[in-house]
file structure-v7.cif (mmCIF, C-alpha atoms)
data_protein
loop_
_atom_site.label_atom_id
_atom_site.label_comp_id
_atom_site.auth_asym_id
_atom_site.auth_seq_id
_atom_site.Cartn_x
_atom_site.Cartn_y
_atom_site.Cartn_z
CA MET A 1244 -0.44 1.66 -45.62
CA ALA A 1245 -1.89 5.09 -44.85
CA GLU A 1246 -4.82 5.31 -42.48
CA ARG A 1247 -8.05 6.06 -44.32
CA ILE A 1248 -10.03 8.87 -42.70
CA VAL A 1249 -13.43 10.21 -43.71
CA VAL A 1250 -13.67 13.98 -43.15
CA GLY A 1251 -17.05 15.58 -42.59
CA MET A 1252 -16.79 18.71 -44.74
CA SER A 1253 -19.40 21.36 -43.97
CA GLY A 1254 -18.11 23.88 -46.49
CA GLY A 1255 -16.50 26.01 -43.78
CA VAL A 1256 -12.88 26.85 -43.15
CA ASP A 1257 -12.43 24.60 -40.09
CA SER A 1258 -13.40 21.33 -41.78
CA SER A 1259 -11.50 22.40 -44.92
CA VAL A 1260 -8.29 22.82 -42.95
CA ALA A 1261 -8.98 19.61 -41.02
CA ALA A 1262 -8.97 17.76 -44.35
CA ALA A 1263 -5.88 19.64 -45.53
CA LEU A 1264 -3.90 18.79 -42.39
CA LEU A 1265 -4.73 15.11 -42.73
CA VAL A 1266 -3.63 15.13 -46.37
CA GLU A 1267 -0.36 16.81 -45.37
CA GLN A 1268 0.16 14.10 -42.75
CA GLY A 1269 -0.05 11.47 -45.47
CA GLY A 1270 -3.54 10.18 -44.69
CA ASP A 1271 -5.83 8.48 -47.17
CA VAL A 1272 -8.52 11.15 -46.93
CA VAL A 1273 -12.11 11.03 -48.22
CA GLY A 1274 -14.28 14.15 -48.05
CA VAL A 1275 -17.99 13.84 -47.29
CA THR A 1276 -20.72 16.45 -46.93
CA LEU A 1277 -23.86 15.39 -45.12
CA ARG A 1278 -26.94 16.86 -46.73
CA VAL A 1279 -29.16 17.03 -43.69
CA TRP A 1280 -31.93 19.30 -44.92
CA PRO A 1281 -33.62 20.19 -48.24
CA TRP A 1282 -31.58 22.79 -50.07
CA SER A 1283 -32.79 26.34 -49.72
CA GLU A 1284 -31.05 29.56 -50.63
CA PRO A 1285 -31.83 32.86 -48.85
CA ALA A 1286 -32.60 35.64 -51.28
CA GLU A 1287 -29.93 37.85 -49.71
CA PRO A 1288 -26.47 36.59 -50.74
CA THR A 1289 -24.78 37.60 -47.47
CA LYS A 1290 -27.08 35.26 -45.55
CA ARG A 1291 -26.03 32.24 -47.58
CA PHE A 1292 -22.65 31.91 -45.91
CA GLY A 1293 -22.27 29.42 -43.13
CA SER A 1294 -25.39 27.38 -43.77
CA CYS A 1295 -24.72 23.68 -44.04
CA CYS A 1296 -28.03 23.23 -45.82
CA GLY A 1297 -27.39 25.04 -49.06
CA THR A 1298 -25.72 24.38 -52.38
CA ASP A 1299 -23.05 27.00 -51.62
CA SER A 1300 -21.68 24.87 -48.78
CA SER A 1301 -21.48 21.66 -50.78
CA ASP A 1302 -19.96 23.56 -53.72
CA ASP A 1303 -17.28 25.03 -51.45
CA ALA A 1304 -16.54 21.63 -49.92
CA ARG A 1305 -16.25 20.11 -53.39
CA HIS A 1306 -13.85 22.88 -54.49
CA VAL A 1307 -11.69 22.29 -51.42
CA ALA A 1308 -11.64 18.52 -52.00
CA ARG A 1309 -10.61 19.09 -55.61
CA ALA A 1310 -7.83 21.46 -54.52
CA LEU A 1311 -6.58 18.86 -52.03
CA GLY A 1312 -6.81 16.04 -54.56
CA ILE A 1313 -9.14 13.87 -52.47
CA PRO A 1314 -12.35 12.04 -53.42
CA TYR A 1315 -15.55 13.78 -52.39
CA TYR A 1316 -19.10 12.56 -51.82
CA LEU A 1317 -22.40 14.19 -50.94
CA LEU A 1318 -24.58 11.98 -48.73
CA ASN A 1319 -28.29 12.64 -48.38
CA ILE A 1320 -29.24 11.85 -44.77
CA GLU A 1321 -32.34 14.06 -44.53
CA ARG A 1322 -34.49 11.25 -43.11
CA GLU A 1323 -31.91 10.29 -40.47
CA PHE A 1324 -31.40 13.94 -39.52
CA ASP A 1325 -35.12 14.54 -39.14
CA HIS A 1326 -35.47 11.50 -36.89
CA ALA A 1327 -32.35 12.03 -34.77
CA VAL A 1328 -32.15 15.83 -34.57
CA VAL A 1329 -35.18 17.80 -35.78
CA GLY A 1330 -37.88 15.67 -34.15
CA PRO A 1331 -36.22 15.69 -30.70
CA PHE A 1332 -35.55 19.44 -31.13
CA ALA A 1333 -39.28 20.11 -31.50
CA ASP A 1334 -40.16 17.66 -28.71
CA ALA A 1335 -37.82 19.49 -26.32
CA TYR A 1336 -39.60 22.79 -26.88
CA ARG A 1337 -42.90 21.02 -26.31
CA ARG A 1338 -41.55 20.03 -22.88
CA GLY A 1339 -40.54 23.61 -22.10
CA GLU A 1340 -36.82 22.95 -22.66
CA THR A 1341 -34.15 24.79 -24.63
CA PRO A 1342 -32.37 22.06 -26.63
CA VAL A 1343 -28.89 21.82 -28.12
CA PRO A 1344 -29.41 20.02 -31.46
CA CYS A 1345 -25.65 19.77 -32.13
CA LEU A 1346 -25.38 17.07 -29.45
CA ALA A 1347 -27.48 14.55 -31.35
CA CYS A 1348 -25.99 15.59 -34.67
CA ASN A 1349 -22.50 14.80 -33.39
CA SER A 1350 -23.23 11.60 -31.48
CA GLU A 1351 -25.94 10.09 -33.69
CA LEU A 1352 -24.87 11.25 -37.14
CA LYS A 1353 -21.27 12.45 -37.53
CA PHE A 1354 -19.84 9.90 -35.11
CA GLY A 1355 -22.79 7.54 -35.49
CA SER A 1356 -24.16 6.83 -38.94
CA LEU A 1357 -21.23 8.49 -40.78
CA LEU A 1358 -18.75 6.46 -38.73
CA ARG A 1359 -20.63 3.25 -39.59
CA ARG A 1360 -20.47 4.17 -43.28
CA ALA A 1361 -16.78 5.01 -42.91
CA ARG A 1362 -16.10 1.58 -41.48
CA ALA A 1363 -17.86 0.04 -44.47
CA TRP A 1364 -15.40 2.00 -46.64
CA GLU A 1365 -12.55 0.48 -44.61
CA ALA A 1366 -11.82 3.81 -42.93
CA ALA A 1367 -10.33 3.90 -39.44
CA ALA A 1368 -11.79 7.21 -38.32
CA VAL A 1369 -14.03 10.21 -38.92
CA ALA A 1370 -12.57 13.71 -38.70
CA THR A 1371 -14.38 17.02 -38.29
CA GLY A 1372 -13.47 20.67 -37.88
CA HIS A 1373 -14.40 20.76 -34.20
CA TYR A 1374 -12.08 22.62 -31.86
CA ALA A 1375 -11.28 19.81 -29.44
CA ARG A 1376 -8.59 17.21 -28.83
CA VAL A 1377 -8.54 13.49 -28.12
CA THR A 1378 -5.79 11.57 -26.40
CA ARG A 1379 -5.45 8.22 -24.67
CA ASP A 1380 -4.58 7.74 -21.02
CA ALA A 1381 -1.73 5.24 -20.99
CA ALA A 1382 -2.49 4.20 -17.41
CA THR A 1383 -6.21 3.48 -17.82
CA GLY A 1384 -6.49 2.93 -21.56
CA ARG A 1385 -9.42 5.36 -21.69
CA TYR A 1386 -9.77 7.89 -24.46
CA LEU A 1387 -9.90 11.43 -23.11
CA LEU A 1388 -11.60 14.48 -24.58
CA LEU A 1389 -9.54 17.63 -24.01
CA ARG A 1390 -10.30 21.29 -24.50
CA ALA A 1391 -9.03 22.95 -27.66
CA VAL A 1392 -5.82 24.99 -27.57
CA ASP A 1393 -7.87 28.07 -28.51
CA PRO A 1394 -10.18 28.62 -25.50
CA ARG A 1395 -12.34 31.05 -27.48
CA LYS A 1396 -13.25 28.34 -29.96
CA ASP A 1397 -13.41 25.28 -27.69
CA GLN A 1398 -16.34 23.02 -28.66
CA THR A 1399 -15.97 20.17 -26.19
CA ASP A 1400 -19.35 21.08 -24.68
CA PHE A 1401 -20.94 19.82 -27.92
CA LEU A 1402 -19.04 16.52 -27.81
CA TRP A 1403 -19.52 15.22 -24.26
CA PRO A 1404 -22.03 12.48 -25.31
CA LEU A 1405 -19.37 10.65 -27.37
CA THR A 1406 -18.62 7.13 -26.18
CA GLN A 1407 -15.20 5.51 -25.81
CA THR A 1408 -15.73 3.70 -29.11
CA GLN A 1409 -16.60 6.95 -30.87
CA LEU A 1410 -13.69 8.86 -29.34
CA ALA A 1411 -11.31 6.11 -30.43
CA ALA A 1412 -12.38 6.78 -34.02
CA ALA A 1413 -12.60 10.59 -33.76
CA ARG A 1414 -10.03 12.96 -35.21
CA PHE A 1415 -10.05 16.72 -34.54
CA PRO A 1416 -7.10 18.08 -36.56
CA VAL A 1417 -7.70 21.79 -35.81
CA GLY A 1418 -7.93 21.30 -32.04
CA ASP A 1419 -4.25 22.17 -31.67
CA LEU A 1420 -4.60 25.44 -33.61
CA THR A 1421 -6.08 28.86 -32.99
CA LYS A 1422 -8.74 30.19 -35.33
CA ASP A 1423 -6.25 32.68 -36.77
CA GLU A 1424 -3.83 29.84 -37.49
CA VAL A 1425 -6.58 27.86 -39.21
CA ARG A 1426 -7.45 30.78 -41.49
CA ALA A 1427 -3.78 31.44 -42.22
CA HIS A 1428 -3.31 27.81 -43.21
CA ALA A 1429 -6.31 27.98 -45.54
CA ARG A 1430 -4.97 31.16 -47.15
CA ARG A 1431 -1.56 29.59 -47.75
CA LEU A 1432 -3.28 26.74 -49.56
CA GLY A 1433 -5.54 29.09 -51.49
CA LEU A 1434 -8.72 27.38 -50.25
CA VAL A 1435 -11.98 29.08 -51.22
CA THR A 1436 -13.19 28.88 -47.62
CA ALA A 1437 -10.21 30.76 -46.13
CA ASP A 1438 -12.13 33.95 -45.34
CA LYS A 1439 -15.62 32.55 -45.21
CA PRO A 1440 -17.67 34.11 -42.38
CA GLU A 1441 -18.64 31.93 -39.44
CA SER A 1442 -22.18 30.91 -38.76
CA GLN A 1443 -23.61 30.71 -35.25
CA GLU A 1444 -27.20 29.81 -36.09
CA ILE A 1445 -28.88 26.42 -35.94
CA CYS A 1446 -28.10 24.97 -39.35
CA PHE A 1447 -31.62 23.84 -40.26
CA VAL A 1448 -33.43 26.96 -38.98
CA PRO A 1449 -33.68 29.68 -41.67
CA ASP A 1450 -32.50 33.12 -40.54
CA ASP A 1451 -32.06 31.75 -37.00
CA ASP A 1452 -35.84 32.07 -36.48
CA TYR A 1453 -36.51 28.94 -34.45
CA ARG A 1454 -40.00 30.14 -33.48
CA GLY A 1455 -41.00 30.48 -37.13
CA PHE A 1456 -39.53 27.06 -37.85
CA LEU A 1457 -41.46 25.45 -35.01
CA ARG A 1458 -44.70 27.18 -36.02
CA ARG A 1459 -44.41 25.66 -39.48
CA ARG A 1460 -43.44 22.20 -38.26
CA GLU A 1461 -45.21 21.83 -34.92
CA PRO A 1462 -47.84 24.58 -34.55
CA GLY A 1463 -49.33 22.72 -31.58
CA VAL A 1464 -46.40 23.69 -29.36
CA PHE A 1465 -47.64 27.28 -29.37
CA ARG A 1466 -50.57 27.07 -26.98
CA PRO A 1467 -51.47 30.50 -25.54
CA GLY A 1468 -51.51 30.94 -21.79
CA PRO A 1469 -50.80 33.30 -18.91
CA ILE A 1470 -47.62 35.02 -17.82
CA VAL A 1471 -47.58 34.97 -14.02
CA ASP A 1472 -45.28 36.15 -11.26
CA ARG A 1473 -43.83 33.92 -8.54
CA GLN A 1474 -47.01 34.40 -6.48
CA GLY A 1475 -49.24 33.27 -9.37
CA ARG A 1476 -50.62 36.70 -10.24
CA VAL A 1477 -51.43 37.02 -13.95
CA LEU A 1478 -49.39 39.84 -15.53
CA GLY A 1479 -50.13 39.18 -19.18
CA MET A 1480 -50.57 36.56 -21.87
CA HIS A 1481 -48.17 34.73 -24.16
CA GLY A 1482 -48.47 32.93 -27.49
CA GLY A 1483 -46.79 29.68 -26.47
CA VAL A 1484 -44.26 28.41 -23.95
CA ALA A 1485 -42.01 27.31 -26.84
CA GLY A 1486 -41.28 30.97 -27.56
CA TYR A 1487 -39.49 31.47 -24.23
CA THR A 1488 -36.39 30.31 -22.42
CA ILE A 1489 -35.11 30.62 -18.86
CA GLY A 1490 -33.38 33.97 -18.34
CA GLN A 1491 -35.19 35.72 -21.20
CA LYS A 1492 -35.83 39.42 -20.59
CA LYS A 1493 -36.79 40.84 -23.97
CA GLY A 1494 -40.06 40.26 -25.73
CA LEU A 1495 -42.22 39.64 -22.66
CA GLY A 1496 -44.60 42.48 -23.50
CA LEU A 1497 -45.11 43.42 -19.87
CA ALA A 1498 -45.33 46.99 -18.57
CA VAL A 1499 -44.88 46.68 -14.83
CA GLY A 1500 -42.23 49.31 -14.19
CA ARG A 1501 -39.42 46.89 -13.37
CA SER A 1502 -37.19 44.38 -15.12
CA LEU A 1503 -38.61 40.88 -15.25
CA TYR A 1504 -37.10 37.64 -16.51
CA VAL A 1505 -38.46 34.22 -17.39
CA VAL A 1506 -37.65 32.08 -14.35
CA ASP A 1507 -39.75 28.97 -15.03
CA LEU A 1508 -41.82 27.33 -17.76
CA ASP A 1509 -44.80 25.04 -17.19
CA PRO A 1510 -45.79 23.52 -20.55
CA GLU A 1511 -48.55 21.36 -19.03
CA ARG A 1512 -50.36 24.47 -17.82
CA ALA A 1513 -49.08 26.61 -20.72
CA THR A 1514 -47.70 29.04 -18.15
CA VAL A 1515 -44.66 31.32 -18.24
CA VAL A 1516 -43.39 32.38 -14.81
CA VAL A 1517 -41.46 35.62 -14.44
CA GLY A 1518 -39.47 37.11 -11.60
CA GLY A 1519 -36.63 39.42 -10.69
CA SER A 1520 -32.96 38.95 -11.43
CA ALA A 1521 -32.33 37.24 -8.09
CA ASP A 1522 -34.96 34.60 -8.94
CA LEU A 1523 -32.69 33.28 -11.70
CA GLU A 1524 -30.02 32.19 -9.23
CA ARG A 1525 -29.82 28.46 -8.48
CA ASP A 1526 -27.12 26.48 -6.70
CA ARG A 1527 -28.02 23.02 -8.02
CA LEU A 1528 -29.45 21.08 -10.94
CA VAL A 1529 -30.31 17.54 -11.94
CA ALA A 1530 -28.93 16.14 -15.20
CA ARG A 1531 -30.20 13.16 -17.21
CA ALA A 1532 -28.61 11.10 -20.01
CA VAL A 1533 -25.25 11.49 -18.28
CA ASN A 1534 -22.04 10.25 -19.89
CA PHE A 1535 -18.64 9.99 -18.22
CA ILE A 1536 -15.55 10.10 -20.42
CA SER A 1537 -12.45 10.34 -18.25
CA CYS A 1538 -13.69 7.79 -15.72
CA SER A 1539 -16.54 5.46 -14.89
CA PRO A 1540 -19.54 7.01 -13.13
CA PRO A 1541 -18.20 7.85 -9.66
CA SER A 1542 -19.47 6.02 -6.61
CA ALA A 1543 -18.74 9.06 -4.42
CA ALA A 1544 -19.22 12.80 -4.91
CA MET A 1545 -16.68 14.28 -7.32
CA ARG A 1546 -15.28 17.81 -7.47
CA VAL A 1547 -15.45 19.38 -10.94
CA GLU A 1548 -15.81 22.67 -12.77
CA ALA A 1549 -19.30 22.67 -14.33
CA LYS A 1550 -20.40 24.59 -17.42
CA ILE A 1551 -24.14 25.13 -18.02
CA ARG A 1552 -24.12 26.68 -21.51
CA HIS A 1553 -21.65 27.39 -24.29
CA SER A 1554 -20.89 30.94 -23.14
CA HIS A 1555 -20.69 30.06 -19.44
CA ALA A 1556 -17.41 30.06 -17.54
CA PRO A 1557 -17.09 26.70 -15.72
CA ALA A 1558 -17.81 27.09 -12.01
CA PRO A 1559 -16.62 24.96 -9.05
CA ALA A 1560 -19.17 22.29 -8.22
CA THR A 1561 -19.73 18.77 -6.90
CA VAL A 1562 -21.33 16.07 -9.04
CA ARG A 1563 -23.02 13.06 -7.44
CA MET A 1564 -24.73 10.14 -9.17
CA VAL A 1565 -28.42 9.69 -8.37
CA ASP A 1566 -28.87 6.58 -10.50
CA ALA A 1567 -27.20 5.06 -13.57
CA ASP A 1568 -28.57 7.78 -15.89
CA THR A 1569 -28.95 10.77 -13.56
CA ALA A 1570 -26.65 13.06 -11.59
CA GLU A 1571 -27.05 16.02 -9.24
CA VAL A 1572 -24.70 18.98 -9.57
CA VAL A 1573 -24.31 21.35 -6.62
CA PHE A 1574 -22.43 24.59 -7.25
CA ASP A 1575 -20.28 26.31 -4.66
CA GLU A 1576 -21.97 29.58 -5.66
CA PRO A 1577 -25.42 30.06 -7.25
CA GLN A 1578 -25.43 30.19 -11.05
CA ARG A 1579 -27.68 32.32 -13.21
CA ALA A 1580 -30.37 31.07 -15.62
CA ILE A 1581 -29.94 27.29 -15.52
CA ALA A 1582 -32.11 26.16 -18.44
CA PRO A 1583 -33.52 22.62 -18.82
CA GLY A 1584 -32.52 21.10 -22.15
CA GLN A 1585 -29.10 22.71 -22.19
CA SER A 1586 -25.92 20.78 -21.44
CA VAL A 1587 -24.05 20.68 -18.17
CA VAL A 1588 -20.46 19.64 -18.82
CA TRP A 1589 -17.93 18.67 -16.15
CA TYR A 1590 -14.26 19.54 -16.45
CA ARG A 1591 -11.08 18.98 -14.51
CA GLY A 1592 -8.62 21.41 -15.97
CA GLU A 1593 -8.45 20.80 -19.72
CA CYS A 1594 -10.04 17.36 -19.46
CA VAL A 1595 -13.75 16.71 -19.99
CA VAL A 1596 -14.95 14.47 -17.18
CA GLY A 1597 -18.41 14.05 -18.73
CA GLY A 1598 -21.75 15.76 -19.00
CA GLY A 1599 -25.51 15.48 -19.13
CA VAL A 1600 -28.69 17.23 -20.22
CA ILE A 1601 -30.15 19.58 -17.63
CA ALA A 1602 -33.49 18.14 -16.51
CA ARG A 1603 -34.37 20.61 -13.76
#
call {"tool": "encode", "arguments": {"input": "structure-v7.cif", "output": "structure tokens"}}
result
Amino acid sequence: MAERIVVGMSGGVDSSVAAALLVEQGGDVVGVTLRVWPWSEPAEPTKRFGSCCGTDSSDDARHVARALGIPYYLLNIEREFDHAVVGPFADAYRRGETPVPCLACNSELKFGSLLRRARAWEAAAVATGHYARVTRDAATGRYLLLRAVDPRKDQTDFLWPLTQTQLAAARFPVGDLTKDEVRAHARRLGLVTADKPESQEICFVPDDDYRGFLRRREPGVFRPGPIVDRQGRVLGMHGGVAGYTIGQKKGLGLAVGRSLYVVDLDPERATVVVGGSADLERDRLVARAVNFISCSPPSAAMRVEAKIRHSHAPAPATVRMVDADTAEVVFDEPQRAIAPGQSVVWYRGECVVGGGVIAR
């Protein structure tokens, strides 16, 4: 009997091809789109592409499911999404952090609530269009998360919180393909998503304006205060710590005759601290909510390559447990603009060792 797999279909080409590949492999495939936010359509048609929160996306996913001959369902999980993703997103900015909402969406929803629903439908797994791979270590029995074949598209840094149970039930069919191969496969099948543009914005934030979104939802996070230098001298004023992130250079509104960057945020005092480029360099960080995938939390210091944001090239470092939930990462060379709220992910070659949320 064919393995039943529920595919999270966002309306993009990656999840469309993920579903197609599983059908071609003989799977019993069910397509599902998670409606995570009230539908809204930008007035400008070109801005509608890529959003997972509009009718265009669900229509495209439905068309693909019909072309593949698989059942398709639209699930409204707005309340779950608000609780698991949007609320913590706003809370992080209140704490002066720069959050990654995809982490909670993947661990709490796609491989959380959707996986629980899938099991109720007698499905063995949930598949998505993420560029990543999962395998099992025959020696240890652990499930391993591996980088995608296409390094440009690798998304393992959004999946590090997944548990062994979740990885056992995760399928990433496009992880062995390049983006060009994915699009070519979609064109061969005549899928409506074959040439659909990619979207890089936060799915629930219209026009990628997170400040405007936060002002409407949590206006209290924008408490005006001073912009100061490292010595505490006031250089200007700001409209709210939530509008800034570590490493930011543009939009400071300061005329001091030299380049300045945000080097620290103090939400309790509503203070933005700025400094020179060299002030952004740090050789260590502390991570919370840590999760180890390839091994149990190490009792001794472990050598890894650590990545501090999606666009960052992993750098040689040592990770050491502080307590059951916290780890310290010390880099061989200082790294630039380490931002609390972002992920730090540990690799050994193509294997994800684990990761955590940067606390400081």
call {"tool": "closest_residue", "arguments": {"input": "structure-v7.cif", "among": "A:Gly1418, A:Gly1592, A:Gly1312, A:Pro1540", "to": "Pro1559 of chain A", "atoms": "all atoms listed in the file"}}
result
A:Gly1592
call {"tool": "closest_residue", "arguments": {"input": "structure-v7.cif", "among": "A:Gly1384, A:Gly1274, A:Gly1475, A:Pro1394", "to": "Thr1371 of chain A", "atoms": "only C-alpha atoms"}}
result
A:Gly1274
call {"tool": "resolve_selection", "arguments": {"input": "structure-v7.cif", "expression": "the PyMOL selection byres ((chain A and resi 1576-1579) around 9)", "output": "number ranges by chain"}}
result
A: 1490, 1520-1527, 1551, 1558-1560, 1573-1575, 1580-1581
call {"tool": "closest_residue", "arguments": {"input": "structure-v7.cif", "among": "A:Glu1441, A:Glu1351, A:Asp1419, A:Glu1246", "to": "Leu1389 of chain A", "atoms": "all atoms listed in the file"}}
result
A:Asp1419
call {"tool": "resolve_selection", "arguments": {"input": "structure-v7.cif", "expression": "the PyMOL selection byres ((chain A and resi 1502-1515) around 8)", "output": "number ranges by chain"}}
result
A: 1337-1339, 1466-1471, 1481, 1483-1484, 1487-1492, 1500-1501, 1516-1520, 1522-1523, 1580
call {"tool": "residues_around", "arguments": {"input": "structure-v7.cif", "residues": "Leu1434 of chain A", "least_positions_apart": "4", "cutoff": "7 Å", "atoms": "all atoms listed in the file", "output": "JSON, numbers by chain"}}
result
{"A": [1307, 1429, 1430]}
call {"tool": "atom_distance", "arguments": {"input": "structure-v7.cif", "atom1": "atom CA of Gly1269 of chain A", "atom2": "atom CA of Ala1437 of chain A"}}
result
21.8 Å
call {"tool": "residues_around", "arguments": {"input": "structure-v7.cif", "residues": "Val1562 of chain A", "least_positions_apart": "3", "cutoff": "10 Å", "atoms": "only C-alpha atoms", "output": "list in words"}}
result
Arg1527, Leu1528, Val1529, Ala1530, Pro1541, Ala1543, Ala1544, Met1545, Arg1546, Val1547, Glu1548, Ala1549, Val1565, Ala1570, Glu1571, Val1572, Val1573, Phe1574, Trp1589 and Gly1598 of chain A
call {"tool": "resolve_selection", "arguments": {"input": "structure-v7.cif", "expression": "the PyMOL selection byres ((chain A and resi 1405) around 12)", "output": "PyMOL selection string"}}
result
chain A and resi 1346-1355+1377+1386-1388+1399-1404+1406-1413+1532-1537+1595-1599
call {"tool": "closest_residue", "arguments": {"input": "structure-v7.cif", "among": "A:Met1480, A:Ala1427, A:Val1435, A:Ala1261", "to": "Ser1300 of chain A", "atoms": "all atoms listed in the file"}}
result
A:Val1435
call {"tool": "atom_distance", "arguments": {"input": "structure-v7.cif", "atom1": "atom CA of Leu1318 of chain A", "atom2": "atom CA of Leu1420 of chain A"}}
result
28.4 Å
call {"tool": "closest_residue", "arguments": {"input": "structure-v7.cif", "among": "A:Tyr1374, A:Tyr1336, A:Tyr1590, A:Phe1447", "to": "Phe1465 of chain A", "atoms": "all atoms listed in the file"}}
result
A:Tyr1336
call {"tool": "atom_distance", "arguments": {"input": "structure-v7.cif", "atom1": "atom CA of Pro1342 of chain A", "atom2": "atom CA of Val1249 of chain A"}}
result
28.1 Å
call {"tool": "residues_around", "arguments": {"input": "structure-v7.cif", "residues": "Ile1313 of chain A", "least_positions_apart": "5", "cutoff": "7 Å", "atoms": "all atoms listed in the file", "output": "JSON, numbers by chain"}}
result
{"A": [1272, 1273, 1274, 1308]}
call {"tool": "closest_residue", "arguments": {"input": "structure-v7.cif", "among": "A:Asp1393, A:Leu1478, A:Arg1460, A:Val1260", "to": "Thr1421 of chain A", "atoms": "only C-alpha atoms"}}
result
A:Asp1393
call {"tool": "residues_around", "arguments": {"input": "structure-v7.cif", "residues": "Val1256 of chain A", "least_positions_apart": "2", "cutoff": "8 Å", "atoms": "only C-alpha atoms", "output": "PyMOL selection string"}}
result
chain A and resi 1254+1258-1260+1425-1426+1429+1436-1439
